[in-house]
Each structure stands twice: as structure tokens, then as C-alpha cells.
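Enquirer: Got a structure for you, questions after.
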Amino acid sequence: MTRSPLSLPQVRGFLKTERTDRWWIEPLLVLAGFGAFIIYSTWAAFQGNNFFIGGVDQPGVQQLLSPFYSPVIWDPRGVHSGHAWLGELPLWWPAWMIFSPALLILPFPGGFRFTCYYYRGAYYKAFWGDPASCAVGEPAARGQNYRGEQKLPLIMQNIHRYFLYVAIIFIGLLAWDGYQSLWHYNASGVKEFGFSVGSIVLIANPVLLGMYTFGCHCWRHLVGGKHDCLSCSKSRQSAYKRVSWLNQRHMLFAWISLFGVGLTDVYVRLCASGVWTDWRIL
Amino acid sequence: MSTNTSHAHIEPRTVSFRIWRGNRDGGSFATYAVEVTEGMVVLDCVHRIQATDAPDLACRWNCKAGKCGSCSAEINGKPRLMCMTRMDTLPQGETVTIEPMRSFPSIRDLVTDVSWNFRVKEKIKPFKPRKPDNADGSWTMMQVDVDRVQEFRKCIECFLCQDVCHVLRDHHKHDEFIGPRFLMYTAALEMHPLDTETRVGDLKNHDGIGYCNITKCCTKVCPEHIGITDNAIIPMKERVVDEFYDPMTRLFRMFKPAR
């Protein structure tokens, strides 16, 4: 690579461009979409209540658990969701430390999305103007100090595949929640099969999340992309082809699954707080 | 930065052009009026301006068929080929602005010095095939294994991707970053089923692949519609992760027999 300085045109100022189209719409929509999700999910995670319906205490009601709270490691004190792995919050938990089951688990799916290749490109533009859109000027101060993902802190984005491993486990856990949503307790405390609108919501959620997760660029690399010889293994070739199909639609599924998981929490929260009733079909 | 591909029928009309005139010491926009008729592309208009108003207007072109990659410029702020930008796809009734590419030094008017790209290319380790598979000195490959590489071979080296990449355009990292065109060129070599050379270390240490922050602008402006980001750069980033950042992969490699 050359070391001789190039005489380049002057860099345009922040948001300066000769583009005449409405280039600002896309980053603005991304800003609004991500912003709304981050605000809502943070609020919902800190609530620590209204995250489930059903169970022995609510006969005839399908068991629905918000994906923001799944898996439930500990229930908040005085709450018996029936989903907690380790029961109620232990006594050694400091009283001054805010607790909500969601806060223990949300960093994992959150980290997966934060380090996702699609989201990175989108939020670098929408939130940091890096650049705000293609061929649009950046903040002047960044200039030659630009570090990209070459150096700290953003070099840490390379951890993405580890979040992927956890995200795949979460797909399994949420699929289990979808299965659980097919059951309710009767008045005698016996589990019975049933089906409600909430069941559809809780089953659709992991399906959409799976379409997003299994279209991940890292996954595409791991199932076959890292090999120069795809034909050396029929299963590798087939997996690579299928994941590539999802990968081409990664942005679409990223958005659909993001709103899907948010709306699933909204549905469960409305039902749990009594604003809405989960309609039993069967 | 998608291109409107619907072609409306247009009557002959006069269109105003703002064209950058100058050299590496500076310049300014000059305005021209051109009679535009059906089927004309931006390059036709530039040629008409040369024929009628400005015979000294410098413009590089060759095939006029979107295959030589010579007439790259910025039309209404978007990096595009002048020969492939039909006038009826631009907003009617508005002035059309044409500038040279901004990631390379200006020579004159719409012509830029893209020789930096050729110097970069020379530094990339060349193709190093394995020993021939057959007695006649030939190799056997499966089509599925070269499909990925063949996508990258569509590149016409127009350097629009280099132009739009903000790492070069806004941050002037020409000394540390080879740009999307050559990350893709490296990917084409690196993914080739016959190649035995490794360039992953160079990608991280010399080629600056980490500077790419996946804006996908290169993909959006590519006139050959190559999936530069998804199919070349990100797979190379993942190979860099394998080699340098993933402790598990490194651990597994210790137990894997050497090739």
C-alpha cells in the first residue's frame, strides 16, 4: 500500500451531501424503531411484574410467559410464576440491588442483537452518524481518529459468535415456552391441553427469532462458509445453502423478530395486568 | 441508494447540469443546459456538453456499456456509472449535479487518479494453486465451490465502492485500509478451492478489515450488484475472528492435524 500522501478533495461537513433524495428517512426510521424498542424493553425489564399468566392459581388460563423474562432464574419475592428454575429470590440478594428476572437474562439476547452485523451497520448510521447515510458527511471531529472495529472498544464486536451460541439456547427455551402455552390447569389442579391467541403469539415468537438467528452471518460461516470446499460434505453444502437463504433476508427477520418479541411481551403484560383477556380457542 | 429502474417516456426537454470543473488545486461548479431526448444517459449529456459548450471538459469513458468501469462519477451525490444512469431515472425538472469521485485525487474535471487502487492490488498475495489433480496438469473443481468466487469476478473495477466507503472518503485511511474492492478481491482468492495461500493475517494487520463498519454502502452502489458486504467482507471478518479472536477455534486448531 502506498505511503505517499494523496491529495484528496476536502471532506464534507456533518450531514453535508449533494444527494437530492430523501436519504435521511432510513436512518430516522431505524433511530425511531430501535429507540422505541430500547425504551420499551428497558421499562418492561425493570417492572418485575405482569410477566406471566396461567398456572395452578389461574385455572383455565393458558400458561404464557413473556420472552423478556424467559428463562426465569428466580421469581421476585412473593411471586410464584411456576416458571422459576431456582424458586424465589434468595435472601442473600442485597436489598439495595434492584431485582427483576428480566435483568438477569436480557443482556444475552441484547448482546446478540447489539453485535449482529446487520444491526451494527444500521445503528452506526442512525445513532452515531458514522456515516448517517452513504455519501453523507460525518462529524468533522472524527476525521483521521476513526477507529472502526479495528481497535478498542468496537473490536469487541468480534464476540458476536459467543452471543450466537447463547441465542440458539434461548430459541430452545422460548420454544419450550411456546409448548407450555398449549397447557392450562383446570379447577382440580390438573394440566389440560388448550389453545389460545396467546399460544399463537408464543409459538410465532421463537419461529421468528429462529428465522433471524439462523440467518446470522456467523452461523453461515460456521455451518459451511469457513470452508473453501462446500462440495466436500453434502450436509455442509445443504446447510450453507439454507442459511444463505435466510441470511439474504437477515434485515427483514431482524426487524420482524424484534417487533415480534416486543409485541409478545406487550400481549402477556396486557393479559397479566387485566387490561386484556387471553381468548381461549380450545 | 437504490436506483429507480422504471423508465418513463420523456419528450425532448432542456436539462440544467452543474458539473465540477477544476483540478487537484481546486475548482467550482459550472452550469450547462442540454437538450435531452429519449434514451439518453448522463454520459451522453456530458458528451453533448463537450460538443457544444465545453470541448475542454475532461471525462474518462470507454465502453458505454457498464463493463469497463471508466465513467465512474457522483451524480446527484450518488456514486454511479455515467453510462448506466438514464436521464429518465433522475428527478425531472431538477438540475443534475455531476462531480468526480471524492475518494481519489482529482486530475481534471470529472477525471480522478485511481492509481492508488492498482498499487494496493499489487500488495495482495497472488493466487497460489495446489498441485494439479490430474496427470495433464489440470485441476478438478465442483461448480458449487467456485460459485462464491465467480460472483466476485463480476467486478469491473469501477471503484465506486471505494469511492462511497466512508473509511476512505471521509477518514482518508488509504494507508491503513484497502477498501471494499480489495477486501472482495482477497476474498475471491481466499475462498478459491484451489488456493493454498493464506491472507487472513494480512487482512487484520495490514489491510485494515476492522475499519469496515458494515455500512453496506459498497454493496448499494455496485453496478454489478455483487454482495460485497455479506458475501465477501463479513465472511473474511469471520475468518479473521477464527484466526485471532476466538479462543475456542484456536484451541480446536491445536488438535487438528496440519494440512
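In the C-alpha cells, chains take letters A, B, ... by order of appearance, with residues numbered from 1 within each chain and ligands from 1 in the order shown.
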Run DSSP on the backbone and grab whatever in range 7-146 of chain A lands in strand (DSSP E or B); send it over as a PyMOL selection string.
Expert: chain A and resi 52-53+64-65+75+88
Enquirer: Just the selected residues (N, CA and C atoms), exported as a PDB file, in the first residue's frame, please.
Expert:
```
ATOM      1  N   PHE A  52     -46.309 -12.961  33.404  1.00  0.00           N
ATOM      2  CA  PHE A  52     -46.836 -14.293  33.105  1.00  0.00           C
ATOM      3  C   PHE A  52     -48.320 -14.342  33.439  1.00  0.00           C
ATOM      4  N   ILE A  53     -49.009 -15.286  32.811  1.00  0.00           N
ATOM      5  CA  ILE A  53     -50.368 -15.645  33.236  1.00  0.00           C
ATOM      6  C   ILE A  53     -50.448 -17.163  33.232  1.00  0.00           C
ATOM      7  N   LEU A  64     -48.762 -18.470  29.828  1.00  0.00           N
ATOM      8  CA  LEU A  64     -47.992 -17.587  28.953  1.00  0.00           C
ATOM      9  C   LEU A  64     -46.895 -16.905  29.762  1.00  0.00           C
ATOM     10  N   LEU A  65     -45.693 -16.904  29.218  1.00  0.00           N
ATOM     11  CA  LEU A  65     -44.562 -16.247  29.879  1.00  0.00           C
ATOM     12  C   LEU A  65     -43.932 -15.265  28.897  1.00  0.00           C
ATOM     13  N   ASP A  75     -37.915 -16.120  40.844  1.00  0.00           N
ATOM     14  CA  ASP A  75     -39.095 -15.257  40.895  1.00  0.00           C
ATOM     15  C   ASP A  75     -38.817 -14.101  41.853  1.00  0.00           C
ATOM     16  N   GLU A  88     -37.809 -18.756  44.562  1.00  0.00           N
ATOM     17  CA  GLU A  88     -37.893 -17.336  44.878  1.00  0.00           C
ATOM     18  C   GLU A  88     -36.498 -16.733  45.037  1.00  0.00           C
TER      19      GLU A  88
END
```
Enquirer: When the cut-off is 7 Å and we count only C-alpha atoms, which residues of chain A are near chain B, given as number ranges by chain?
Expert: A: 1-3, 6-9, 11, 17-20, 117, 120-121, 131, 134-135, 143-144, 146-150, 158, 218, 221, 225-226, 228-231
Enquirer: Hey, can you spit out that residue selection with C-alpha atoms as an mmCIF file, in the first residue's frame?
Expert:
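Final output, result_23.cif:
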```
data_model
loop_
_atom_site.group_PDB
_atom_site.id
_atom_site.type_symbol
_atom_site.label_atom_id
_atom_site.label_comp_id
_atom_site.auth_asym_id
_atom_site.auth_seq_id
_atom_site.Cartn_x
_atom_site.Cartn_y
_atom_site.Cartn_z
ATOM 1 C CA MET A 1 0.000 0.000 0.000
ATOM 2 C CA THR A 2 1.240 3.470 -0.795
ATOM 3 C CA ARG A 3 2.671 5.667 1.913
ATOM 4 C CA LEU A 6 -2.842 11.546 -1.554
ATOM 5 C CA SER A 7 -4.176 14.945 -2.410
ATOM 6 C CA LEU A 8 -7.837 14.331 -1.760
ATOM 7 C CA PRO A 9 -10.874 16.587 -2.004
ATOM 8 C CA VAL A 11 -14.102 16.246 3.394
ATOM 9 C CA THR A 17 -24.083 15.916 0.759
ATOM 10 C CA GLU A 18 -25.003 16.551 -2.848
ATOM 11 C CA ARG A 19 -27.621 13.827 -2.631
ATOM 12 C CA THR A 20 -31.056 15.101 -3.577
ATOM 13 C CA TYR A 117 -23.661 -7.478 11.616
ATOM 14 C CA ARG A 120 -24.100 -2.775 13.650
ATOM 15 C CA GLY A 121 -24.316 -1.215 10.215
ATOM 16 C CA PRO A 131 -21.951 7.919 8.319
ATOM 17 C CA CYS A 134 -23.968 6.651 2.176
ATOM 18 C CA ALA A 135 -22.040 9.598 0.719
ATOM 19 C CA GLY A 143 -11.682 12.554 10.880
ATOM 20 C CA GLN A 144 -8.424 10.618 10.981
ATOM 21 C CA TYR A 146 -11.697 6.965 13.200
ATOM 22 C CA ARG A 147 -11.039 3.532 14.742
ATOM 23 C CA GLY A 148 -13.901 1.494 13.334
ATOM 24 C CA GLU A 149 -13.866 -2.067 14.626
ATOM 25 C CA GLN A 150 -10.124 -2.281 14.198
ATOM 26 C CA ASN A 158 -15.936 -9.903 17.354
ATOM 27 C CA CYS A 218 -21.643 -16.034 11.969
ATOM 28 C CA HIS A 221 -19.723 -19.015 8.427
ATOM 29 C CA GLY A 225 -18.773 -20.572 4.883
ATOM 30 C CA LYS A 226 -15.416 -21.055 6.545
ATOM 31 C CA ASP A 228 -13.334 -23.443 0.687
ATOM 32 C CA CYS A 229 -14.782 -26.808 -0.273
ATOM 33 C CA LEU A 230 -18.546 -26.840 0.195
ATOM 34 C CA SER A 231 -18.962 -29.893 -2.011
#
```
Enquirer: Could you please determine the separation between CA of Asn62 in chain B and CA of Ile226 in chain B in Å, to one decimal place?
Expert: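 Separation of CA of Asn62 in chain B and CA of Ile226 in chain B: 21.8 Å.
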Enquirer: Show me, as a VMD selection string, the residues that have an atom within 9 Å of Thr31 in chain B when counting only C-alpha atoms, minus same-chain residues fewer than 2 positions from it.
Expert: chain B and resid 16 to 20 29 33
Enquirer: Neighbours of Gly172 in chain A within 12 Å (only C-alpha atoms; same-chain residues fewer than 5 positions away dropped), as a PyMOL selection string?
Expert: chain A and resi 67+70-71+165-167+177-179+203+205-207+209-210+213
Enquirer: Restricted to C-alpha atoms, what would the selected residues look like written as a PDB file, in the first residue's frame?
Expert:
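out.pdb, freshly written:
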```pdb
ATOM      1  CA  PRO A  67     -39.958 -13.672  26.368  1.00  0.00           C
ATOM      2  CA  SER A  70     -37.596 -16.241  29.950  1.00  0.00           C
ATOM      3  CA  PRO A  71     -35.918 -18.183  31.393  1.00  0.00           C
ATOM      4  CA  TYR A 165     -24.347 -19.741  20.880  1.00  0.00           C
ATOM      5  CA  VAL A 166     -26.425 -18.375  23.772  1.00  0.00           C
ATOM      6  CA  ALA A 167     -29.105 -17.091  21.381  1.00  0.00           C
ATOM      7  CA  ASP A 177     -42.444 -21.666  26.493  1.00  0.00           C
ATOM      8  CA  GLY A 178     -44.432 -21.950  23.263  1.00  0.00           C
ATOM      9  CA  TYR A 179     -45.145 -25.588  24.095  1.00  0.00           C
ATOM     10  CA  ILE A 203     -45.266 -20.113  19.232  1.00  0.00           C
ATOM     11  CA  ASN A 205     -42.190 -15.682  18.591  1.00  0.00           C
ATOM     12  CA  PRO A 206     -39.471 -18.385  18.632  1.00  0.00           C
ATOM     13  CA  VAL A 207     -40.195 -19.182  14.978  1.00  0.00           C
ATOM     14  CA  LEU A 209     -36.486 -15.417  16.318  1.00  0.00           C
ATOM     15  CA  GLY A 210     -35.212 -18.616  14.731  1.00  0.00           C
ATOM     16  CA  THR A 213     -30.908 -16.233  14.495  1.00  0.00           C
TER      17      THR A 213
END
```
Enquirer: Per DSSP on the backbone, filter range 2-106 of chain A down to the residues in alpha helix (DSSP H) and report them as a list in words.
Expert: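 Alpha helix (DSSP H) assignments inside range 2-106 of chain A correspond to Ile25, Glu26, Pro27, Leu28, Leu29, Val30, Leu31, Ala32, Gly33, Phe34, Gly35, Ala36, Phe37, Ile38, Ile39, Tyr40, Ser41, Thr42, Trp43, Ala44, Ala45, Phe46, Gln47, Pro101, Ala102, Leu103, Leu104 and Ile105 of chain A.
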Enquirer: Kindly save the residues from that selection, with N, CA and C atoms included, as a compact mmCIF listing (two decimals), in the first residue's frame.
Expert:
```txt
# COMPACT_ATOMS: atom_id res chain seq x y z
N ILE A 25 -34.49 9.46 5.56
CA ILE A 25 -35.66 8.69 6.04
C ILE A 25 -35.22 7.38 6.69
N GLU A 26 -34.33 6.64 6.02
CA GLU A 26 -33.95 5.32 6.54
C GLU A 26 -33.28 5.41 7.92
N PRO A 27 -32.24 6.25 8.09
CA PRO A 27 -31.66 6.32 9.44
C PRO A 27 -32.64 6.83 10.48
N LEU A 28 -33.56 7.68 10.05
CA LEU A 28 -34.56 8.20 11.00
C LEU A 28 -35.50 7.09 11.45
N LEU A 29 -35.92 6.24 10.49
CA LEU A 29 -36.80 5.12 10.84
C LEU A 29 -36.08 4.13 11.76
N VAL A 30 -34.79 3.90 11.46
CA VAL A 30 -34.01 2.99 12.31
C VAL A 30 -33.89 3.57 13.72
N LEU A 31 -33.61 4.87 13.77
CA LEU A 31 -33.49 5.54 15.08
C LEU A 31 -34.80 5.42 15.87
N ALA A 32 -35.91 5.66 15.18
CA ALA A 32 -37.21 5.60 15.85
C ALA A 32 -37.53 4.16 16.27
N GLY A 33 -37.27 3.21 15.37
CA GLY A 33 -37.59 1.81 15.65
C GLY A 33 -36.76 1.24 16.80
N PHE A 34 -35.45 1.41 16.70
CA PHE A 34 -34.57 0.92 17.77
C PHE A 34 -34.83 1.67 19.07
N GLY A 35 -34.99 2.98 18.93
CA GLY A 35 -35.21 3.82 20.12
C GLY A 35 -36.44 3.37 20.87
N ALA A 36 -37.53 3.15 20.12
CA ALA A 36 -38.79 2.73 20.75
C ALA A 36 -38.61 1.38 21.43
N PHE A 37 -37.91 0.46 20.76
CA PHE A 37 -37.73 -0.86 21.35
C PHE A 37 -36.86 -0.80 22.61
N ILE A 38 -35.79 -0.03 22.54
CA ILE A 38 -34.88 0.06 23.70
C ILE A 38 -35.61 0.67 24.89
N ILE A 39 -36.38 1.73 24.64
CA ILE A 39 -37.11 2.38 25.75
C ILE A 39 -38.14 1.42 26.34
N TYR A 40 -38.93 0.78 25.45
CA TYR A 40 -39.97 -0.11 25.96
C TYR A 40 -39.37 -1.31 26.70
N SER A 41 -38.36 -1.94 26.09
CA SER A 41 -37.81 -3.16 26.70
C SER A 41 -37.13 -2.85 28.03
N THR A 42 -36.49 -1.69 28.12
CA THR A 42 -35.86 -1.31 29.39
C THR A 42 -36.93 -1.10 30.46
N TRP A 43 -37.98 -0.39 30.07
CA TRP A 43 -39.08 -0.16 31.01
C TRP A 43 -39.68 -1.50 31.46
N ALA A 44 -39.96 -2.36 30.48
CA ALA A 44 -40.61 -3.65 30.80
C ALA A 44 -39.70 -4.52 31.67
N ALA A 45 -38.40 -4.47 31.40
CA ALA A 45 -37.47 -5.31 32.16
C ALA A 45 -37.41 -4.88 33.62
N PHE A 46 -37.53 -3.60 33.88
CA PHE A 46 -37.44 -3.11 35.25
C PHE A 46 -38.74 -3.29 36.04
N GLN A 47 -39.83 -3.62 35.35
CA GLN A 47 -41.10 -3.75 36.06
C GLN A 47 -41.08 -4.90 37.07
N PRO A 101 -36.44 -10.46 37.16
CA PRO A 101 -35.92 -11.65 36.45
C PRO A 101 -35.38 -11.31 35.07
N ALA A 102 -35.96 -10.29 34.44
CA ALA A 102 -35.54 -9.94 33.08
C ALA A 102 -34.11 -9.42 33.05
N LEU A 103 -33.72 -8.72 34.11
CA LEU A 103 -32.39 -8.10 34.10
C LEU A 103 -31.27 -9.15 34.09
N LEU A 104 -31.58 -10.36 34.56
CA LEU A 104 -30.56 -11.41 34.60
C LEU A 104 -30.32 -12.03 33.22
N ILE A 105 -31.33 -11.98 32.39
CA ILE A 105 -31.20 -12.71 31.11
C ILE A 105 -31.17 -11.83 29.86
```
Enquirer: Just how far from CA of Gly198 in chain A is CA of Trp279 in chain A, in Å to one decimal?
Expert: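 So the answer is 7.5 Å.
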Enquirer: Using only C-alpha atoms, can you tell me which of A:Leu15, A:Ala95, A:Gly111, A:Glu192 comes closest to Asp130 in chain A?
Expert: A:Leu15
Enquirer: Fewer than 3 positions away in the same chain doesn't count, so skip those; otherwise give me all residues within 12 Å of range 37-41 of chain B, counting only C-alpha atoms, as a ChimeraX atom specification.
Expert: /B:7-15,34,44-48,64-66,71,75,80-90,96
Enquirer: Any idea what's packed within 8 Å of Leu57 in chain B, counting only C-alpha atoms, ignoring anything in its chain fewer than 5 positions away? Could you give it as a list in words?
Expert: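 With the cut-off at 8 Å, the set is Arg21, Gln50, Asp109 and Leu110 of chain B.
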Enquirer: Can you tell me which residues surround Gln248 in chain A at a distance of at most 10 Å, considering only C-alpha atoms, apart from same-chain residues fewer than 4 positions away, and format the answer as an NGL selection string?
Expert: (:A and (215-217 or 243-244 or 252-253)) or (:B and (227 or 230-231))
Enquirer: What is the CA of Met97 in chain A to CA of Ile169 in chain A distance in Å?
Expert: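 About the pair CA of Met97 in chain A and CA of Ile169 in chain A: they are 27.5 Å apart.
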